[in-house]
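Pasting my_file19.cif here (mmCIF, C-alpha atoms):
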data_start
#
loop_
_atom_site.label_atom_id
_atom_site.label_comp_id
_atom_site.auth_asym_id
_atom_site.auth_seq_id
_atom_site.Cartn_x
_atom_site.Cartn_y
_atom_site.Cartn_z
CA MET V 1 218.91 69.41 45.27
CA ASP V 2 218.50 67.11 48.22
CA THR V 3 219.91 69.18 51.08
CA GLY V 4 219.50 66.39 53.57
CA ARG V 5 221.72 64.12 51.52
CA ARG V 6 224.32 66.89 51.16
CA ASP V 7 224.44 67.44 54.91
CA ILE V 8 225.00 63.73 55.49
CA ASP V 9 227.76 63.67 52.86
CA ASP V 10 229.40 66.73 54.48
CA ILE V 11 229.32 65.06 57.85
CA ILE V 12 230.85 61.89 56.41
CA PHE V 13 233.47 64.02 54.55
CA TYR V 14 234.52 65.95 57.64
CA GLN V 15 234.51 62.83 59.71
CA ASN V 16 236.81 61.06 57.24
CA LYS V 17 238.98 64.13 57.00
CA THR V 18 239.24 64.31 60.77
CA GLU V 19 240.16 60.63 60.94
CA ASP V 20 242.77 61.16 58.23
CA ASN V 21 244.20 64.09 60.15
CA MET V 22 244.26 62.05 63.29
CA ILE V 23 246.09 59.27 61.48
CA GLY V 24 248.54 61.83 60.06
CA ASP V 25 249.13 63.32 63.54
CA SER V 26 249.79 59.89 64.98
CA SER V 27 252.36 59.21 62.30
CA HIS V 28 254.00 62.58 63.02
CA ILE V 29 254.22 61.79 66.75
CA ASP V 30 255.83 58.44 65.99
CA ASN V 31 258.36 60.15 63.71
CA GLU V 32 259.19 62.68 66.43
CA LYS V 33 259.81 59.91 68.93
CA GLU V 34 262.04 58.10 66.45
CA ASN V 35 263.93 61.32 65.73
CA LYS V 36 264.49 61.95 69.44
CA ARG V 37 265.78 58.42 69.91
CA SER V 38 268.09 58.90 66.91
CA ILE V 39 269.38 62.19 68.33
CA LYS V 40 270.04 60.56 71.69
CA ARG V 41 271.94 57.75 70.01
CA ARG V 42 274.02 60.26 68.05
CA LEU V 43 274.73 62.34 71.15
CA PHE V 44 275.81 59.24 73.05
CA SER V 45 278.08 58.26 70.17
CA TYR V 46 279.59 61.75 70.08
CA PHE V 47 280.10 61.67 73.84
CA ALA V 48 281.77 58.26 73.67
CA VAL V 49 284.08 59.38 70.86
CA ALA V 50 284.90 62.61 72.70
CA LEU V 51 285.67 60.68 75.90
CA VAL V 52 287.99 58.26 74.12
CA ALA V 53 289.64 61.14 72.25
CA SER V 54 290.19 63.09 75.44
CA LEU V 55 291.73 60.10 77.16
CA VAL V 56 294.05 59.35 74.24
CA GLY V 57 294.85 63.03 73.83
CA GLY V 58 295.61 63.34 77.52
CA LEU V 59 298.02 60.43 77.36
CA ILE V 60 299.69 61.81 74.25
CA SER V 61 299.91 65.35 75.63
CA SER V 62 301.30 64.17 78.96
CA TYR V 63 303.90 62.11 77.11
CA ILE V 64 304.79 65.02 74.87
CA GLY V 65 304.81 67.40 77.83
CA SER V 66 307.19 65.25 79.81
CA ASN V 67 309.42 64.81 76.79
CA TYR V 68 309.99 68.49 76.18
CA ILE V 69 311.84 71.17 78.11
CA PHE V 70 312.13 74.88 77.60
CA SER V 71 315.31 76.17 76.04
CA LYS V 72 316.48 79.54 74.88
CA LYS V 73 315.88 80.85 71.40
CA GLU V 74 316.80 84.15 69.84
CA SER V 75 315.47 87.18 71.63
CA THR V 76 312.57 89.03 70.07
CA ASN V 77 313.20 92.16 72.12
CA LYS V 78 316.53 93.53 73.13
CA GLY V 79 317.55 92.42 76.59
CA GLU V 80 314.82 89.76 76.79
CA GLU V 81 314.97 86.00 76.35
CA SER V 82 312.27 83.78 74.93
CA TYR V 83 311.99 80.02 75.12
CA ILE V 84 310.91 77.13 72.92
CA ALA V 85 310.20 73.50 73.74
CA GLU V 86 312.89 71.01 72.79
CA LYS V 87 312.55 67.27 72.99
CA THR V 88 314.48 65.47 75.69
CA TYR V 89 314.01 62.38 77.84
CA SER V 90 311.16 62.31 80.33
CA VAL V 91 311.90 63.52 83.83
CA ASN V 92 309.57 60.82 85.09
CA ASP V 93 311.19 58.07 83.05
CA SER V 94 311.75 55.62 85.91
CA ALA V 95 313.41 53.14 83.57
CA ASN V 96 316.25 55.58 82.81
CA ILE V 97 316.67 56.44 86.48
CA SER V 98 316.60 52.79 87.51
CA GLN V 99 319.30 51.86 84.97
CA ALA V 100 321.46 54.82 85.99
CA VAL V 101 321.21 53.87 89.66
CA LYS V 102 322.05 50.21 88.97
CA LYS V 103 325.18 51.31 87.13
CA ALA V 104 326.51 53.52 89.92
CA VAL V 105 325.03 52.46 93.28
CA ASN V 106 327.69 49.87 94.17
CA SER V 107 330.40 52.55 93.85
CA VAL V 108 328.74 54.72 96.53
CA VAL V 109 330.09 54.36 100.06
CA GLY V 110 329.19 55.57 103.51
CA ILE V 111 331.76 57.51 105.52
CA THR V 112 331.71 57.83 109.30
CA THR V 113 334.09 60.02 111.24
CA VAL V 114 335.07 60.86 114.78
CA LYS V 115 335.97 64.50 115.26
CA VAL V 116 337.34 66.17 118.38
CA GLN V 117 335.54 69.36 119.37
CA ARG V 118 337.17 71.61 121.94
CA TYR V 119 335.15 73.67 124.40
CA GLY V 120 337.73 75.61 126.34
CA PHE V 121 339.69 73.00 128.29
CA ILE V 122 337.18 70.26 127.51
CA GLU V 123 337.43 67.95 124.50
CA GLN V 124 334.43 66.11 123.14
CA GLU V 125 334.32 63.46 120.43
CA ILE V 126 331.60 64.01 117.85
CA ASP V 127 330.45 61.42 115.34
CA GLY V 128 329.83 62.42 111.75
CA VAL V 129 328.38 60.69 108.71
CA GLY V 130 328.50 61.36 105.00
CA SER V 131 328.91 59.73 101.64
CA GLY V 132 331.60 59.17 99.04
CA VAL V 133 332.15 57.64 95.62
CA ILE V 134 334.86 55.22 94.47
CA ILE V 135 337.00 56.76 91.71
CA ASP V 136 339.66 54.06 91.42
CA SER V 137 339.51 50.30 92.03
CA ASN V 138 342.57 50.45 94.32
CA GLY V 139 340.72 52.24 97.10
CA TYR V 140 340.57 55.92 96.11
CA ILE V 141 337.38 57.65 97.25
CA LEU V 142 336.15 61.16 96.49
CA THR V 143 334.08 63.03 99.07
CA ASN V 144 333.56 66.49 100.57
CA SER V 145 336.26 68.14 102.65
CA HIS V 146 333.78 68.94 105.42
CA VAL V 147 332.76 65.26 105.63
CA ILE V 148 336.27 64.38 106.87
CA GLY V 149 336.47 67.43 109.12
CA ASP V 150 338.56 69.38 106.59
CA GLY V 151 341.35 66.89 107.22
CA ASN V 152 341.12 67.04 111.01
CA ALA V 153 338.96 63.97 111.69
CA LYS V 154 340.47 61.70 114.33
CA GLN V 155 339.05 58.59 112.71
CA ILE V 156 337.63 57.86 109.24
CA THR V 157 335.75 54.65 108.41
CA VAL V 158 334.50 53.75 104.95
CA LEU V 159 331.52 51.39 104.61
CA PHE V 160 331.04 49.47 101.37
CA GLU V 161 327.91 48.04 99.77
CA ASN V 162 328.83 44.45 100.74
CA GLY V 163 329.08 45.42 104.42
CA ASP V 164 332.87 45.65 104.61
CA GLU V 165 334.45 48.45 106.62
CA LYS V 166 337.93 49.94 106.15
CA SER V 167 339.87 52.75 107.80
CA GLY V 168 340.49 55.73 105.54
CA LYS V 169 343.45 58.06 105.15
CA VAL V 170 343.19 61.59 103.71
CA LEU V 171 345.52 62.06 100.74
CA TRP V 172 344.27 65.47 99.70
CA GLN V 173 341.62 67.97 100.75
CA ASP V 174 340.73 71.55 100.00
CA THR V 175 338.37 73.51 102.20
CA ALA V 176 337.82 76.18 99.54
CA LEU V 177 336.62 73.57 97.02
CA ASP V 178 334.98 71.42 99.74
CA LEU V 179 336.53 68.31 98.19
CA ALA V 180 338.78 65.55 99.51
CA ILE V 181 340.28 62.23 98.40
CA VAL V 182 340.47 59.37 100.90
CA LYS V 183 342.44 56.13 100.46
CA VAL V 184 341.55 52.72 101.90
CA ASP V 185 343.51 49.48 101.77
CA LYS V 186 341.19 47.55 99.48
CA LYS V 187 341.42 46.48 95.83
CA ASP V 188 339.14 45.42 92.97
CA LEU V 189 336.48 47.91 93.97
CA PRO V 190 333.60 48.91 91.66
CA VAL V 191 334.43 52.27 90.11
CA ALA V 192 332.03 55.04 89.15
CA THR V 193 332.09 56.37 85.60
CA LEU V 194 332.91 60.08 85.49
CA GLY V 195 330.85 62.21 83.12
CA ASP V 196 331.51 65.60 81.55
CA SER V 197 330.02 68.40 83.66
CA ASP V 198 330.92 70.98 81.00
CA LYS V 199 328.21 69.55 78.72
CA LEU V 200 325.33 69.81 81.18
CA GLU V 201 322.14 71.63 80.24
CA VAL V 202 319.34 72.94 82.42
CA GLY V 203 316.43 70.50 82.43
CA GLU V 204 318.47 67.29 82.29
CA ILE V 205 317.80 64.45 84.71
CA ALA V 206 319.77 64.63 87.97
CA ILE V 207 320.03 61.71 90.40
CA ALA V 208 321.54 61.96 93.88
CA ILE V 209 322.68 58.93 95.89
CA GLY V 210 323.80 59.05 99.51
CA ASN V 211 322.94 58.58 103.16
CA PRO V 212 320.61 61.53 103.79
CA LEU V 213 319.72 60.80 107.43
CA GLY V 214 322.50 58.46 108.50
CA LEU V 215 323.59 54.93 107.68
CA GLU V 216 320.15 53.47 108.36
CA PHE V 217 319.14 55.12 105.07
CA GLN V 218 322.20 54.07 103.08
CA ARG V 219 322.23 54.68 99.33
CA THR V 220 318.95 56.54 99.25
CA VAL V 221 318.10 57.70 95.72
CA THR V 222 316.46 61.03 94.94
CA SER V 223 315.92 62.48 91.50
CA GLY V 224 315.00 65.71 89.79
CA ILE V 225 316.49 67.95 87.15
CA ILE V 226 319.41 70.30 86.69
CA SER V 227 317.81 73.56 87.84
CA GLY V 228 320.74 75.87 87.15
CA LEU V 229 324.43 76.04 86.26
CA HIS V 230 327.40 78.20 87.26
CA ARG V 231 325.92 79.20 90.62
CA SER V 232 328.09 81.00 93.19
CA ILE V 233 327.26 80.61 96.87
CA LYS V 234 328.91 82.39 99.78
CA VAL V 235 329.73 79.78 102.42
CA ASP V 236 331.31 82.06 105.01
CA GLU V 237 333.08 85.41 105.28
CA THR V 238 336.13 84.28 103.29
CA ASN V 239 334.95 81.50 101.00
CA ILE V 240 332.68 81.55 97.96
CA ILE V 241 332.12 78.23 96.20
CA GLU V 242 331.69 78.95 92.52
CA ASP V 243 330.51 77.25 89.34
CA LEU V 244 328.08 75.00 91.22
CA ILE V 245 325.38 72.79 89.73
CA GLN V 246 321.93 73.56 91.14
CA THR V 247 319.37 70.73 91.32
CA ASP V 248 315.96 70.12 92.84
CA ALA V 249 316.94 66.54 93.75
CA SER V 250 316.75 66.32 97.55
CA ILE V 251 320.19 66.70 99.18
CA ASN V 252 320.49 66.43 102.96
CA PRO V 253 323.57 66.48 105.26
CA GLY V 254 324.25 62.73 104.93
CA ASN V 255 324.24 63.11 101.12
CA SER V 256 327.38 65.22 101.33
CA GLY V 257 330.18 63.65 99.31
CA GLY V 258 327.84 61.39 97.36
CA PRO V 259 327.54 61.55 93.57
CA LEU V 260 325.13 63.47 91.38
CA LEU V 261 324.43 61.35 88.30
CA ASN V 262 323.10 61.99 84.82
CA SER V 263 320.65 59.69 83.03
CA LYS V 264 323.56 57.48 81.90
CA GLY V 265 324.66 56.80 85.46
CA GLU V 266 327.79 58.96 85.07
CA VAL V 267 329.02 61.14 87.93
CA ILE V 268 328.59 64.78 86.96
CA GLY V 269 329.02 66.31 90.42
CA ILE V 270 329.73 65.76 94.10
CA ASN V 271 326.83 66.79 96.32
CA THR V 272 327.42 69.20 99.16
CA ALA V 273 325.01 70.08 101.95
CA LYS V 274 327.51 72.50 103.47
CA ILE V 275 325.61 75.26 101.73
CA LYS V 276 322.51 76.32 103.65
CA SER V 277 319.88 77.05 101.02
CA ALA V 278 316.16 77.32 100.50
CA GLU V 279 314.02 74.19 100.57
CA GLY V 280 314.01 72.36 97.24
CA LEU V 281 317.47 73.59 96.21
CA GLY V 282 320.59 71.44 96.28
CA PHE V 283 324.09 72.07 95.02
CA SER V 284 326.86 69.92 93.59
CA ILE V 285 330.49 70.59 92.70
CA PRO V 286 331.10 69.86 88.99
CA ILE V 287 333.18 66.73 88.49
CA ASN V 288 335.40 68.42 85.90
CA THR V 289 336.71 70.69 88.67
CA VAL V 290 338.42 67.79 90.38
CA LYS V 291 339.41 65.56 87.44
CA PRO V 292 343.01 66.91 87.16
CA ILE V 293 343.40 66.49 90.92
CA ILE V 294 342.13 62.90 90.81
CA GLU V 295 344.61 62.02 88.08
CA GLN V 296 347.58 63.44 89.97
CA VAL V 297 346.61 61.94 93.33
CA ILE V 298 346.20 58.45 91.84
CA LYS V 299 349.49 58.80 89.94
CA GLU V 300 351.63 60.44 92.62
CA GLY V 301 349.76 59.84 95.88
CA THR V 302 349.14 63.54 96.51
CA TYR V 303 348.35 66.75 94.71
CA LYS V 304 350.48 69.85 94.32
CA ALA V 305 349.13 72.98 92.72
CA VAL V 306 351.11 75.48 90.67
CA TYR V 307 352.66 78.24 92.72
CA ILE V 308 352.67 82.01 92.18
CA GLY V 309 354.65 83.24 95.17
CA ILE V 310 352.69 86.17 96.55
CA THR V 311 351.02 87.25 99.74
CA ALA V 312 347.80 89.07 98.95
CA VAL V 313 344.38 90.03 100.26
CA GLU V 314 341.12 90.89 98.52
CA VAL V 315 340.62 94.55 97.60
CA GLU V 316 337.37 94.97 99.53
CA LEU V 317 338.88 93.72 102.79
CA TYR V 318 342.00 95.89 102.36
CA GLU V 319 339.90 99.01 101.73
CA ARG V 320 337.71 98.27 104.76
CA GLN V 321 340.62 97.69 107.12
CA PHE V 322 342.73 100.69 106.06
CA GLY V 323 340.03 103.10 104.91
CA ILE V 324 341.65 103.42 101.49
CA ASP V 325 339.92 103.59 98.11
CA LEU V 326 342.00 101.54 95.68
CA GLN V 327 339.74 102.45 92.77
CA ALA V 328 339.30 98.80 91.82
CA ASN V 329 335.98 96.95 91.84
CA ASN V 330 337.49 93.53 92.44
CA GLY V 331 340.79 91.68 92.67
CA VAL V 332 343.54 90.98 95.19
CA ILE V 333 346.24 93.43 96.20
CA VAL V 334 349.80 92.09 96.44
CA LEU V 335 351.31 92.59 99.90
CA GLY V 336 354.48 90.57 99.38
CA VAL V 337 356.46 88.83 96.61
CA THR V 338 358.64 85.77 97.34
CA PRO V 339 362.16 86.06 95.83
CA ASP V 340 362.91 83.81 92.82
CA SER V 341 359.23 82.81 92.61
CA PRO V 342 357.14 82.86 89.41
CA ALA V 343 355.65 86.17 90.61
CA SER V 344 359.11 87.65 91.10
CA LYS V 345 360.23 86.52 87.65
CA ALA V 346 357.05 88.06 86.19
CA GLN V 347 358.09 91.32 87.92
CA LEU V 348 354.97 91.60 90.06
CA GLN V 349 355.30 94.33 92.69
CA ILE V 350 353.87 95.11 96.10
CA GLY V 351 350.73 97.20 95.56
CA ASP V 352 349.79 95.54 92.27
CA ILE V 353 346.13 94.54 92.07
CA ILE V 354 345.49 91.29 90.21
CA THR V 355 342.02 91.46 88.62
CA LYS V 356 342.06 88.56 86.13
CA ILE V 357 343.96 85.45 85.13
CA ASP V 358 343.51 84.44 81.50
CA GLY V 359 340.28 86.44 81.40
CA GLN V 360 338.79 84.91 84.57
CA ASP V 361 337.79 87.46 87.21
CA ILE V 362 339.64 87.22 90.51
CA GLU V 363 337.68 88.23 93.62
CA ASN V 364 339.83 86.95 96.51
CA MET V 365 342.70 84.58 97.35
CA ASN V 366 340.46 81.51 97.47
CA ASN V 367 339.17 82.46 94.04
CA LEU V 368 342.75 82.79 92.75
CA LYS V 369 343.77 79.51 94.36
CA LYS V 370 340.92 77.63 92.68
CA ALA V 371 341.71 79.24 89.34
CA LEU V 372 345.22 77.75 89.50
CA TYR V 373 343.94 74.15 89.60
CA LYS V 374 343.63 74.02 85.83
CA TYR V 375 347.31 74.83 85.28
CA LYS V 376 350.26 72.47 85.24
CA LYS V 377 353.95 72.99 85.76
CA ARG V 378 355.53 75.07 82.95
CA ASP V 379 352.13 76.41 81.83
CA LYS V 380 351.91 80.15 81.19
CA ALA V 381 349.11 82.58 81.98
CA LYS V 382 348.32 86.25 81.49
CA LEU V 383 347.55 88.35 84.54
CA ASN V 384 345.55 91.57 84.30
CA ILE V 385 346.82 93.94 86.96
CA ILE V 386 346.34 97.54 88.07
CA ARG V 387 349.60 99.31 88.95
CA ASN V 388 349.56 102.90 90.14
CA GLY V 389 346.07 103.34 88.73
CA LYS V 390 346.97 102.00 85.28
CA GLU V 391 345.79 98.70 83.81
CA MET V 392 348.53 96.37 82.59
CA GLU V 393 349.00 92.79 81.45
CA VAL V 394 351.91 90.58 82.50
CA GLU V 395 352.80 86.99 81.67
CA ILE V 396 353.67 84.46 84.35
CA GLU V 397 355.13 80.98 83.98
CA PHE V 398 354.24 78.39 86.64
CA SER V 399 357.65 76.86 87.22
CA GLU V 400 356.96 75.44 90.69
CA LEU V 401 354.49 73.23 92.50
CA ARG V 402 353.63 73.52 96.17
#

Could you express the structure from this file as structure tokens?
Amino acid sequence: MDTGRRDIDDIIFYQNKTEDNMIGDSSHIDNEKENKRSIKRRLFSYFAVALVASLVGGLISSYIGSNYIFSKKESTNKGEESYIAEKTYSVNDSANISQAVKKAVNSVVGITTVKVQRYGFIEQEIDGVGSGVIIDSNGYILTNSHVIGDGNAKQITVLFENGDEKSGKVLWQDTALDLAIVKVDKKDLPVATLGDSDKLEVGEIAIAIGNPLGLEFQRTVTSGIISGLHRSIKVDETNIIEDLIQTDASINPGNSGGPLLNSKGEVIGINTAKIKSAEGLGFSIPINTVKPIIEQVIKEGTYKAVYIGITAVEVELYERQFGIDLQANNGVIVLGVTPDSPASKAQLQIGDIITKIDGQDIENMNNLKKALYKYKKRDKAKLNIIRNGKEMEVEIEFSELR
């Protein structure tokens, strides 16, 4: 065998094999580069799809989030409440707010007053400003009692949206309710639509209109939600304003007497800044509280409430002043009964403690007075009383108005 020829063939074989391997390696490198480019393209595509999806999802979730509120569902544990999301209108729906404001804004008025403040022998005139809302086209305006100095303002001027000014006269006011009705000599006025405050739910849109910092900011609009219902706030030592609407819509002193609206532009409450509260909390008096009063004032020119015919004081105050334990947690103790009055005919006696009227708790005389607003002449009611330590129930007929 020719070994020299075999060596040459082996060299040629290995050389060809090496070249083949080199060609194969080159092809492999090219494939790797192509694969990397393909992976990059796929990653970019995934990223682009993910970005678009996140943007769309964000928009959808924000829409859904703003269109749901939490509401109560059945408790899973005794004594605890859980919540679910229910669909409602968006709090940030500016279109709803804008339409509501357009419907009601021309019925909102500014109210300026001149009050006389006494400092010993010196009298000083003090200017005041607030808001009001037109409740009848013939010049009837609803506002807060404190806006018109609880009926003691020396001068009341009502300013309308078109720039007109008219002197106002107080037809009715109640300090305990912090509400008043003023009359001006002007007709064909735009009238606000009154809503139903008994149907309110926490989370609904709330819109306040008024003059928060004076007339230079007339008809300022603020909005938020109904934050709470049936709130009771102690105003002073003798007066607790009850059943209030709580809102996070900004309410400042000049807003007092202005309307709180729902998303339909209906008046659901009258704003009051008389209550000093934490920042971000405002309160309104439910419109249903004053509806019967509005009807009677417009019909008869004034309002007269049903009459019981007693002199009484709250239990807590009586116990504190006389150091006596009446063994009653709440109520008013009767100190006097007017002859031939509804109380006399119901056989109420001195020393009786009235704790409830038709199931509603009675805390003090202001509380009792406000409870009587829902009754009319010849209506009957059941009084829960404590007499000589025993609980009793008596029926009273409201035969008089005062």

- Separation of CA of Asn367 in chain V from CA of Ser145 in chain V in Å: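 Interatomic distance here is 17.0 Å.
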
- Tell me which residues the PyMOL selection byres ((chain V and resi 318) around 12) grabs here, as an MDAnalysis selection string. chainID V and resid 312:317 319:328 330:335 351 353 364

- Query: Which polymer residues have any atom within 10 Å of an atom of Lys103 in chain V, counting all atoms listed in the file, with same-chain residues fewer than 3 positions away left out, as a ChimeraX atom specification?
  - Reply: /V:97-100,106-107,190-193,264-266

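Within a radius of 10 Å around (329.3, 53.7, 102.2), the polymer residues are V:Val105, V:Asn106, V:Ser107, V:Val108, V:Val109, V:Gly110, V:Ile111, V:Thr112, V:Val129, V:Gly130, V:Ser131, V:Gly132, V:Val133, V:Ile134, V:Thr157, V:Val158, V:Leu159, V:Phe160, V:Glu161, V:Asn162, V:Gly163, V:Asp164, V:Glu165, V:Gly210, V:Asn211, V:Leu215, V:Gln218, V:Arg219, V:Gly258, counting only C-alpha atoms.
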
- Query: Got a sec: who's within 8 Å of range 113-115 of chain V, counting only C-alpha atoms, leaving out chain neighbours fewer than 6 positions off, as a list in words?
  - Reply: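 Those residues are Glu125, Ile126, Asp127, Gly128, Val129, Val147, Ile148, Gly149, Asn152, Ala153, Lys154, Gln155, Ile156 and Thr157 of chain V.
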
- What is the distance, in Å and to one decimal place, between CA of Thr175 in chain V and CA of Arg402 in chain V?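 The value is 16.4 Å.
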
- Provide the CA of Gln349 in chain V to CA of Tyr303 in chain V distance in Å, to one decimal place.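 Interatomic distance, CA of Gln349 in chain V to CA of Tyr303 in chain V: 28.5 Å.
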
Please put the answer as lines of an AutoDock Vina configuration file: centre and edge lengths, in Å with one decimal, of a box along x, y and z that encloses all listed atoms of range 120-134 of chain V plus 6 Å on each side.
center_x = 334.0
center_y = 65.4
center_z = 111.4
size_x = 23.3
size_y = 32.4
size_z = 45.8

- Starting from the displayed file, determine the output of the PyMOL selection byres ((chain V and resi 249-253) around 8) and express the residue list as a PyMOL selection string. chain V and resi 130+206-208+212-213+222-225+247-248+254-256+271-274+280-283

- Among listed residues V:Ser341, V:Ser263, V:Asn96, V:Ser284, nearest Ile245 in chain V (using all atoms listed in the file):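 Once distances to Ile245 in chain V are computed over all atoms listed in the file, the minimum belongs to V:Ser284.
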
- Item | Test item: residues at most 9 Å from Tyr307 in chain V, all atoms listed in the file, excluding those fewer than 2 positions along its chain, as a VMD selection string | chain V and resid 304 to 305 309 to 310 341 to 343 372 377 398 to 402

- In the coordinate frame of the file, compute which residues have an atom within 9 Å of (342.0, 53.2, 86.9) when using all atoms listed in the file, and state them as a PyMOL selection string. chain V and resi 135-138+191+298

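Minimum atom-to-atom distance to Glu397 in chain V, evaluated using all atoms listed in the file, belongs to V:Val306 out of V:Val306, V:Val297, V:Ile181, V:Ile354.
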
- Considering all atoms listed in the file, state which residue in the set V:Ser197, V:Ser167, V:Thr311, V:Gln117 is at the smallest distance from Val290 in chain V. V:Ser197

- Would you please work out which residue, of V:Lys382, V:Ile294, V:Val235, V:Gly203, is nearest to His146 in chain V when using all atoms listed in the file? V:Val235

- Message: Using the chain letters and numbers from this file, what does the PyMOL selection byres ((chain V and resi 176-180) around 7) select? Give the answer as a PyMOL selection string.
- Response: chain V and resi 142-146+172-175+181-182+239+241+366

- Item | Best match for closeness to Gly269 in chain V among V:Gly228, V:Gly301, V:Gly336, V:Gly195, counting only C-alpha atoms | V:Gly195

- Query: Within 10 Å of Glu391 in chain V, counting all atoms listed in the file, which residues qualify if same-chain residues fewer than 2 places away don't, as JSON, numbers by chain?
  - Reply: {"V": [352, 353, 354, 355, 384, 385, 386, 387, 388, 389, 393]}

Atoms to include: C-alpha atoms. Write the selected residues as an mmCIF file, in the coordinates of the input.
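Output contents, as saved in out17.cif:
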data_model
loop_
_atom_site.group_PDB
_atom_site.id
_atom_site.type_symbol
_atom_site.label_atom_id
_atom_site.label_comp_id
_atom_site.auth_asym_id
_atom_site.auth_seq_id
_atom_site.Cartn_x
_atom_site.Cartn_y
_atom_site.Cartn_z
ATOM 1 C CA ASP V 352 349.790 95.540 92.270
ATOM 2 C CA ILE V 353 346.130 94.540 92.070
ATOM 3 C CA ILE V 354 345.490 91.290 90.210
ATOM 4 C CA THR V 355 342.020 91.460 88.620
ATOM 5 C CA ASN V 384 345.550 91.570 84.300
ATOM 6 C CA ILE V 385 346.820 93.940 86.960
ATOM 7 C CA ILE V 386 346.340 97.540 88.070
ATOM 8 C CA ARG V 387 349.600 99.310 88.950
ATOM 9 C CA ASN V 388 349.560 102.900 90.140
ATOM 10 C CA GLY V 389 346.070 103.340 88.730
ATOM 11 C CA GLU V 393 349.000 92.790 81.450
#

- Task: Between V:Gln296, V:Asp236, V:Glu242, V:Thr289, single out the one closest to Asp361 in chain V, counting only C-alpha atoms.
- Result: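 Of the candidates, the smallest distance to Asp361 in chain V is held by V:Glu242.
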